[in-house]
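Structure file structure22.cif with mmCIF, C-alpha atoms:
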data_final
#
loop_
_atom_site.group_PDB
_atom_site.id
_atom_site.type_symbol
_atom_site.label_atom_id
_atom_site.label_comp_id
_atom_site.auth_asym_id
_atom_site.auth_seq_id
_atom_site.Cartn_x
_atom_site.Cartn_y
_atom_site.Cartn_z
ATOM 1 C CA ALA A 1 5.895 -14.426 10.928
ATOM 2 C CA GLN A 2 3.504 -11.542 10.613
ATOM 3 C CA LYS A 3 0.398 -12.054 8.556
ATOM 4 C CA ILE A 4 -2.738 -10.175 7.523
ATOM 5 C CA THR A 5 -5.911 -12.009 6.533
ATOM 6 C CA GLN A 6 -8.893 -10.574 4.719
ATOM 7 C CA THR A 7 -11.445 -13.332 4.256
ATOM 8 C CA GLN A 8 -13.973 -11.415 2.180
ATOM 9 C CA PRO A 9 -12.954 -11.255 -1.475
ATOM 10 C CA GLY A 10 -16.059 -9.197 -2.269
ATOM 11 C CA MET A 11 -18.785 -7.329 -0.442
ATOM 12 C CA PHE A 12 -21.965 -5.607 -1.560
ATOM 13 C CA VAL A 13 -23.740 -2.836 0.309
ATOM 14 C CA GLN A 14 -26.608 -0.567 -0.502
ATOM 15 C CA GLU A 15 -26.062 3.141 -0.590
ATOM 16 C CA LYS A 16 -26.445 4.845 2.801
ATOM 17 C CA GLU A 17 -26.024 1.605 4.693
ATOM 18 C CA ALA A 18 -23.059 0.701 6.885
ATOM 19 C CA VAL A 19 -20.630 -2.060 5.982
ATOM 20 C CA THR A 20 -17.872 -3.876 7.881
ATOM 21 C CA LEU A 21 -14.760 -5.172 6.148
ATOM 22 C CA ASP A 22 -12.948 -7.845 8.104
ATOM 23 C CA CYS A 23 -9.261 -7.991 8.874
ATOM 24 C CA THR A 24 -7.375 -10.278 11.218
ATOM 25 C CA TYR A 25 -3.692 -10.226 11.888
ATOM 26 C CA ASP A 26 -1.025 -12.337 13.442
ATOM 27 C CA THR A 27 2.097 -11.067 15.121
ATOM 28 C CA SER A 28 4.195 -11.794 18.169
ATOM 29 C CA ASP A 29 5.381 -8.206 18.316
ATOM 30 C CA PRO A 30 3.743 -6.178 21.127
ATOM 31 C CA SER A 31 4.128 -2.966 19.140
ATOM 32 C CA TYR A 32 2.587 -2.679 15.706
ATOM 33 C CA GLY A 33 0.436 -0.447 13.552
ATOM 34 C CA LEU A 34 -2.588 -1.287 11.464
ATOM 35 C CA PHE A 35 -3.659 0.591 8.355
ATOM 36 C CA TRP A 36 -6.552 0.569 5.935
ATOM 37 C CA TYR A 37 -6.154 1.754 2.358
ATOM 38 C CA LYS A 38 -8.671 2.243 -0.427
ATOM 39 C CA GLN A 39 -7.686 1.532 -4.017
ATOM 40 C CA PRO A 40 -10.140 2.747 -6.658
ATOM 41 C CA SER A 41 -9.902 1.593 -10.260
ATOM 42 C CA SER A 42 -7.373 4.345 -10.978
ATOM 43 C CA GLY A 43 -4.880 2.390 -8.895
ATOM 44 C CA GLU A 44 -3.835 4.967 -6.341
ATOM 45 C CA MET A 45 -3.645 3.801 -2.742
ATOM 46 C CA ILE A 46 -5.576 6.162 -0.503
ATOM 47 C CA PHE A 47 -4.821 6.134 3.213
ATOM 48 C CA LEU A 48 -8.006 5.851 5.262
ATOM 49 C CA ILE A 49 -7.253 5.152 8.881
ATOM 50 C CA TYR A 50 -4.533 4.051 11.296
ATOM 51 C CA GLN A 51 -4.624 2.203 14.622
ATOM 52 C CA GLY A 52 -1.629 1.781 16.900
ATOM 53 C CA SER A 53 -1.407 -1.325 19.042
ATOM 54 C CA TYR A 54 -1.217 0.744 22.194
ATOM 55 C CA ASP A 55 -4.048 3.095 21.301
ATOM 56 C CA GLN A 56 -6.774 2.820 23.907
ATOM 57 C CA GLN A 57 -9.580 4.021 21.702
ATOM 58 C CA ASN A 58 -10.731 2.871 18.299
ATOM 59 C CA ALA A 59 -9.582 5.128 15.502
ATOM 60 C CA THR A 60 -12.150 7.171 13.597
ATOM 61 C CA GLU A 61 -11.842 9.366 10.506
ATOM 62 C CA GLY A 62 -15.094 10.789 9.272
ATOM 63 C CA ARG A 63 -17.236 7.926 7.984
ATOM 64 C CA TYR A 64 -14.468 5.423 8.651
ATOM 65 C CA SER A 65 -13.928 3.735 11.980
ATOM 66 C CA LEU A 66 -11.706 0.883 12.971
ATOM 67 C CA ASN A 67 -13.135 -1.770 15.273
ATOM 68 C CA PHE A 68 -9.945 -2.825 17.041
ATOM 69 C CA GLN A 69 -10.221 -5.965 19.141
ATOM 70 C CA LYS A 70 -6.719 -6.664 20.318
ATOM 71 C CA ALA A 71 -7.398 -9.941 22.097
ATOM 72 C CA ARG A 72 -9.025 -11.327 18.970
ATOM 73 C CA LYS A 73 -6.346 -9.763 16.748
ATOM 74 C CA SER A 74 -8.911 -8.167 14.535
ATOM 75 C CA ALA A 75 -9.030 -4.695 13.009
ATOM 76 C CA ASN A 76 -12.238 -4.417 11.033
ATOM 77 C CA LEU A 77 -13.029 -1.323 9.001
ATOM 78 C CA VAL A 78 -16.522 0.094 9.366
ATOM 79 C CA ILE A 79 -17.796 2.450 6.696
ATOM 80 C CA SER A 80 -20.953 4.261 7.688
ATOM 81 C CA ALA A 81 -23.478 5.780 5.271
ATOM 82 C CA SER A 82 -21.943 4.140 2.195
ATOM 83 C CA GLN A 83 -21.667 6.195 -0.963
ATOM 84 C CA LEU A 84 -21.366 5.073 -4.587
ATOM 85 C CA GLY A 85 -17.860 6.490 -4.586
ATOM 86 C CA ASP A 86 -16.846 4.032 -1.891
ATOM 87 C CA SER A 87 -16.814 1.245 -4.473
ATOM 88 C CA ALA A 88 -13.180 0.130 -4.596
ATOM 89 C CA MET A 89 -10.679 -2.406 -3.325
ATOM 90 C CA TYR A 90 -9.860 -2.097 0.359
ATOM 91 C CA PHE A 91 -6.602 -3.334 1.825
ATOM 92 C CA CYS A 92 -5.722 -3.931 5.441
ATOM 93 C CA ALA A 93 -2.028 -3.684 6.281
ATOM 94 C CA MET A 94 0.241 -4.083 9.271
ATOM 95 C CA ARG A 95 3.509 -2.285 9.870
ATOM 96 C CA GLU A 96 6.505 -4.272 10.918
ATOM 97 C CA ARG A 97 8.116 -2.440 13.822
ATOM 98 C CA ASN A 98 11.755 -3.121 13.007
ATOM 99 C CA THR A 99 11.693 -2.578 9.249
ATOM 100 C CA ASP A 100 8.744 -0.195 8.751
ATOM 101 C CA LYS A 101 7.538 -2.488 5.994
ATOM 102 C CA LEU A 102 3.824 -2.856 5.378
ATOM 103 C CA ILE A 103 2.378 -6.322 5.062
ATOM 104 C CA PHE A 104 -0.850 -6.320 3.062
ATOM 105 C CA GLY A 105 -3.879 -8.533 3.083
ATOM 106 C CA THR A 106 -5.357 -9.817 -0.148
ATOM 107 C CA GLY A 107 -7.990 -7.119 -0.218
ATOM 108 C CA THR A 108 -11.777 -6.887 -0.320
ATOM 109 C CA ARG A 109 -13.664 -5.499 -3.281
ATOM 110 C CA LEU A 110 -16.565 -3.384 -2.079
ATOM 111 C CA GLN A 111 -19.408 -2.544 -4.411
ATOM 112 C CA VAL A 112 -22.000 0.011 -3.370
ATOM 113 C CA PHE A 113 -25.287 -0.148 -5.247
ATOM 114 C CA PRO A 114 -28.080 2.437 -5.370
ATOM 115 C CA GLY B 1 -2.224 14.451 3.981
ATOM 116 C CA ALA B 2 1.314 14.133 2.699
ATOM 117 C CA VAL B 3 1.817 13.912 -1.043
ATOM 118 C CA VAL B 4 3.903 11.447 -2.983
ATOM 119 C CA SER B 5 4.175 11.799 -6.734
ATOM 120 C CA GLN B 6 5.273 9.360 -9.399
ATOM 121 C CA HIS B 7 6.363 9.891 -12.952
ATOM 122 C CA PRO B 8 5.456 8.704 -15.491
ATOM 123 C CA SER B 9 1.944 7.521 -14.746
ATOM 124 C CA ARG B 10 1.935 5.228 -17.750
ATOM 125 C CA VAL B 11 4.675 3.956 -20.035
ATOM 126 C CA ILE B 12 4.766 1.647 -23.008
ATOM 127 C CA CYS B 13 8.137 0.417 -24.193
ATOM 128 C CA LYS B 14 9.708 -2.158 -26.435
ATOM 129 C CA SER B 15 11.191 -5.328 -25.047
ATOM 130 C CA GLY B 16 14.853 -4.866 -24.158
ATOM 131 C CA THR B 17 14.682 -1.198 -23.276
ATOM 132 C CA SER B 18 15.128 0.277 -19.822
ATOM 133 C CA VAL B 19 12.488 2.313 -18.056
ATOM 134 C CA LYS B 20 13.025 4.754 -15.202
ATOM 135 C CA ILE B 21 10.252 5.564 -12.731
ATOM 136 C CA GLU B 22 10.585 8.485 -10.327
ATOM 137 C CA CYS B 23 9.036 8.749 -6.896
ATOM 138 C CA ARG B 24 9.037 12.072 -5.074
ATOM 139 C CA SER B 25 7.866 13.151 -1.657
ATOM 140 C CA LEU B 26 6.504 16.623 -2.295
ATOM 141 C CA ASP B 27 6.060 18.164 1.124
ATOM 142 C CA PHE B 28 8.203 16.078 3.427
ATOM 143 C CA GLN B 29 11.582 14.404 3.517
ATOM 144 C CA ALA B 30 11.746 10.653 3.297
ATOM 145 C CA THR B 31 14.900 8.779 4.266
ATOM 146 C CA THR B 32 13.119 5.572 3.386
ATOM 147 C CA MET B 33 10.854 4.842 0.466
ATOM 148 C CA PHE B 34 9.307 1.574 -0.647
ATOM 149 C CA TRP B 35 8.689 0.106 -4.073
ATOM 150 C CA TYR B 36 5.796 -2.245 -4.688
ATOM 151 C CA ARG B 37 4.539 -4.212 -7.636
ATOM 152 C CA GLN B 38 0.922 -5.142 -8.179
ATOM 153 C CA PHE B 39 -0.442 -7.589 -10.720
ATOM 154 C CA PRO B 40 -4.102 -7.362 -11.778
ATOM 155 C CA LYS B 41 -6.567 -8.395 -9.096
ATOM 156 C CA GLN B 42 -3.765 -9.061 -6.625
ATOM 157 C CA SER B 43 -2.391 -7.369 -3.560
ATOM 158 C CA LEU B 44 0.720 -5.228 -3.393
ATOM 159 C CA MET B 45 4.019 -7.062 -3.292
ATOM 160 C CA LEU B 46 6.954 -5.275 -1.713
ATOM 161 C CA MET B 47 9.951 -5.292 -4.017
ATOM 162 C CA ALA B 48 12.514 -3.269 -2.116
ATOM 163 C CA THR B 49 13.206 -0.672 0.522
ATOM 164 C CA SER B 50 14.986 2.390 -0.788
ATOM 165 C CA ASN B 51 17.333 4.081 1.671
ATOM 166 C CA GLU B 52 18.655 7.585 1.111
ATOM 167 C CA GLY B 53 22.409 7.547 0.687
ATOM 168 C CA SER B 54 22.813 3.796 0.855
ATOM 169 C CA LYS B 55 21.998 0.638 -1.027
ATOM 170 C CA ALA B 56 18.445 -0.553 -1.360
ATOM 171 C CA THR B 57 17.270 -3.640 0.461
ATOM 172 C CA TYR B 58 15.570 -6.103 -1.840
ATOM 173 C CA GLU B 59 12.943 -8.652 -0.937
ATOM 174 C CA GLN B 60 13.618 -12.302 -1.561
ATOM 175 C CA GLY B 61 13.161 -13.243 -5.183
ATOM 176 C CA VAL B 62 13.548 -9.712 -6.554
ATOM 177 C CA GLU B 63 16.469 -9.355 -8.947
ATOM 178 C CA LYS B 64 18.735 -6.513 -7.885
ATOM 179 C CA ASP B 65 20.292 -6.149 -11.315
ATOM 180 C CA LYS B 66 16.912 -6.106 -12.964
ATOM 181 C CA PHE B 67 15.313 -3.498 -10.745
ATOM 182 C CA LEU B 68 17.847 -0.795 -9.977
ATOM 183 C CA ILE B 69 16.951 1.587 -7.180
ATOM 184 C CA ASN B 70 18.610 4.895 -6.478
ATOM 185 C CA HIS B 71 17.683 7.142 -3.565
ATOM 186 C CA ALA B 72 19.873 10.141 -4.227
ATOM 187 C CA SER B 73 18.085 12.701 -2.099
ATOM 188 C CA LEU B 74 15.614 12.935 0.754
ATOM 189 C CA THR B 75 12.763 13.541 -1.671
ATOM 190 C CA LEU B 76 13.563 11.356 -4.666
ATOM 191 C CA SER B 77 13.869 7.645 -5.295
ATOM 192 C CA THR B 78 14.078 6.088 -8.745
ATOM 193 C CA LEU B 79 13.331 2.584 -9.939
ATOM 194 C CA THR B 80 14.872 1.515 -13.228
ATOM 195 C CA VAL B 81 13.574 -1.616 -14.886
ATOM 196 C CA THR B 82 16.512 -2.730 -16.984
ATOM 197 C CA SER B 83 16.119 -4.679 -20.213
ATOM 198 C CA ALA B 84 12.382 -4.861 -19.704
ATOM 199 C CA HIS B 85 10.448 -7.865 -20.951
ATOM 200 C CA PRO B 86 6.707 -8.464 -21.289
ATOM 201 C CA GLU B 87 6.604 -10.293 -17.944
ATOM 202 C CA ASP B 88 7.753 -7.059 -16.278
ATOM 203 C CA SER B 89 4.495 -5.420 -17.330
ATOM 204 C CA SER B 90 2.786 -4.458 -14.108
ATOM 205 C CA PHE B 91 1.656 -1.630 -11.872
ATOM 206 C CA TYR B 92 4.551 -0.170 -9.896
ATOM 207 C CA ILE B 93 3.813 1.984 -6.889
ATOM 208 C CA CYS B 94 6.044 3.713 -4.388
ATOM 209 C CA SER B 95 5.437 4.919 -0.868
ATOM 210 C CA ALA B 96 7.052 6.879 1.912
ATOM 211 C CA TYR B 97 6.413 7.560 5.565
ATOM 212 C CA SER B 98 5.456 11.049 6.551
ATOM 213 C CA ILE B 99 6.501 12.617 9.822
ATOM 214 C CA GLN B 100 3.198 11.412 11.272
ATOM 215 C CA GLU B 101 4.378 7.860 10.598
ATOM 216 C CA THR B 102 1.688 7.193 8.056
ATOM 217 C CA GLN B 103 2.765 5.541 4.827
ATOM 218 C CA TYR B 104 1.566 7.490 1.816
ATOM 219 C CA PHE B 105 1.558 6.091 -1.679
ATOM 220 C CA GLY B 106 2.262 7.592 -5.053
ATOM 221 C CA PRO B 107 -0.366 7.321 -7.788
ATOM 222 C CA GLY B 108 1.467 4.421 -9.415
ATOM 223 C CA THR B 109 2.998 3.728 -12.828
ATOM 224 C CA ARG B 110 1.496 1.314 -15.313
ATOM 225 C CA LEU B 111 4.249 -0.324 -17.347
ATOM 226 C CA LEU B 112 3.467 -2.203 -20.527
ATOM 227 C CA VAL B 113 6.334 -3.928 -22.289
ATOM 228 C CA LEU B 114 5.636 -4.957 -25.852
#

Now, as a test, write the supplied structure out as structure tokens.
Amino acid sequence: AQKITQTQPGMFVQEKEAVTLDCTYDTSDPSYGLFWYKQPSSGEMIFLIYQGSYDQQNATEGRYSLNFQKARKSANLVISASQLGDSAMYFCAMRERNTDKLIFGTGTRLQVFP
Amino acid sequence: GAVVSQHPSRVICKSGTSVKIECRSLDFQATTMFWYRQFPKQSLMLMATSNEGSKATYEQGVEKDKFLINHASLTLSTLTVTSAHPEDSSFYICSAYSIQETQYFGPGTRLLVL
């Protein structure tokens, strides 16, 4: 069965520093997609970044980059130059190929302090 | 990015009443939409997959008669919580895949059943 694991319930980072949020996954499917979402206190789920299993390069979107290590089955999110507005819950998710369902990790609460 | 809307954003109702939540894809067509439920400080739990023109597919443990889903058009899916009880109080959030195969989420609906 497919599974997403986020082992960090909470992380702290100082403003302007970089932070890495961990995500490991388990699947026997050779084709899959990995997503990161941000959920601020308002509750909306904001799409951040996507990595396909066959993508050769790590995905990047502005200050967000995904450190994709396929052999280790990890897809860590790196946020560079943290801002106070980055404080939120962050969820890693994997897309099931056959059903298009997203399987979510338990999330990591990031707090950025001045 | 693509936009998914939800209405209402917040609803308070008496126990025993039914509540309808709408999910709309505003700038793309979605043959498939997903309904999630999220309890405080927890991850998203998939409730069902809404398919345009056919019956929804429910996840194990989700009562079909309790959570009625209708996907009448390519841009609208509705979730009706029938005979709501206090334990149904939760955050309900829908999502849909855009043409770029990224799953976008609505802003969510906070349901409080008194």

Report task. Evaluate the PyMOL selection byres ((chain A) within 9 of (chain B)) and record the selected residues as a PyMOL selection string, following the chain and residue labels used in the document. Result -> chain A and resi 35+42-47+50+91+100-107

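Here the PyMOL selection byres ((chain A and resi 7) around 10) catches exactly these residues: A:Ile4, A:Thr5, A:Gln6, A:Gln8, A:Pro9, A:Gly10, A:Leu21, A:Asp22, A:Cys23, A:Thr24, A:Gly105, A:Thr106, A:Gly107, A:Thr108.
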
Query - Output of the PyMOL selection byres ((chain B and resi 23) around 9), listed as number ranges by chain - result: B: 4-7, 21-22, 24-25, 33, 75-79, 93-95, 106

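Across the structure, CA of Ser80 (chain A) and CA of Val13 (chain A) are spaced 10.6 Å apart.
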
Set the distance at 12 Å and use all atoms listed in the file: which residues neighbour Val19 (chain A) once local chain neighbours fewer than 6 positions away are removed? I'd like the list as a PDB file with C-alpha atoms, in the coordinates of the input.
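Below you can see result30.pdb, which holds the result:
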ATOM      1  CA  GLY A  10     -16.059  -9.197  -2.269  1.00  0.00           C
ATOM      2  CA  MET A  11     -18.785  -7.329  -0.442  1.00  0.00           C
ATOM      3  CA  PHE A  12     -21.965  -5.607  -1.560  1.00  0.00           C
ATOM      4  CA  VAL A  13     -23.740  -2.836   0.309  1.00  0.00           C
ATOM      5  CA  ARG A  63     -17.236   7.926   7.984  1.00  0.00           C
ATOM      6  CA  TYR A  64     -14.468   5.423   8.651  1.00  0.00           C
ATOM      7  CA  SER A  65     -13.928   3.735  11.980  1.00  0.00           C
ATOM      8  CA  LEU A  66     -11.706   0.883  12.971  1.00  0.00           C
ATOM      9  CA  ASN A  67     -13.135  -1.770  15.273  1.00  0.00           C
ATOM     10  CA  ASN A  76     -12.238  -4.417  11.033  1.00  0.00           C
ATOM     11  CA  LEU A  77     -13.029  -1.323   9.001  1.00  0.00           C
ATOM     12  CA  VAL A  78     -16.522   0.094   9.366  1.00  0.00           C
ATOM     13  CA  ILE A  79     -17.796   2.450   6.696  1.00  0.00           C
ATOM     14  CA  SER A  80     -20.953   4.261   7.688  1.00  0.00           C
ATOM     15  CA  ALA A  81     -23.478   5.780   5.271  1.00  0.00           C
ATOM     16  CA  SER A  82     -21.943   4.140   2.195  1.00  0.00           C
ATOM     17  CA  GLN A  83     -21.667   6.195  -0.963  1.00  0.00           C
ATOM     18  CA  ASP A  86     -16.846   4.032  -1.891  1.00  0.00           C
ATOM     19  CA  SER A  87     -16.814   1.245  -4.473  1.00  0.00           C
ATOM     20  CA  THR A 108     -11.777  -6.887  -0.320  1.00  0.00           C
ATOM     21  CA  LEU A 110     -16.565  -3.384  -2.079  1.00  0.00           C
ATOM     22  CA  GLN A 111     -19.408  -2.544  -4.411  1.00  0.00           C
ATOM     23  CA  VAL A 112     -22.000   0.011  -3.370  1.00  0.00           C
TER      24      VAL A 112
END

Query raised in the report: Which neighbours of Leu34 (chain A) fall inside 8 Å, counting all atoms listed in the file, when residues of the same chain fewer than 3 positions from it are skipped, and could you give them as a ChimeraX atom specification?
Result: /A:50-53,75,92-95

How big is the axis-aligned box around all listed atoms of region 49-65 of chain B once 5 Å goes on each side, and where's its centre, in Å to one decimal, as AutoDock Vina command-line options?
--center_x 17.9 --center_y -2.8 --center_z -4.8 --size_x 19.9 --size_y 30.8 --size_z 23.0

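Distances here use all atoms listed in the file; by that measure, the residue among B:Leu114, B:Ala30, B:Val62, B:Val19 closest to Thr80 (chain B) is B:Val19.
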
Query - Distance in Å - CA of Arg109 (chain A) versus CA of Ala88 (chain A) - result: 5.8 Å

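Reported to one decimal place, the separation of CA of Tyr25 (chain A) from CA of Ser74 (chain A) is 6.2 Å.
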
Requested in this report: May I ask which of the residues B:Ala56, B:Leu74, B:Pro40, B:Phe67 is the closest one to Ser90 (chain B), counting all atoms listed in the file?
Outcome: B:Pro40

**Report entry** Neighbour list for Val113 (chain B) as a ChimeraX atom specification, cut-off 12 Å, all atoms listed in the file, skip fewer than 5 positions in-chain
**Finding:** /B:10-19,81-91

Query raised in the report: Could you tell me, as a ChimeraX atom specification, which residues have any atom at most 6 Å from (-6.9, -0.6, -0.4), counting only C-alpha atoms?
Result: /A:37-39,45,89-91
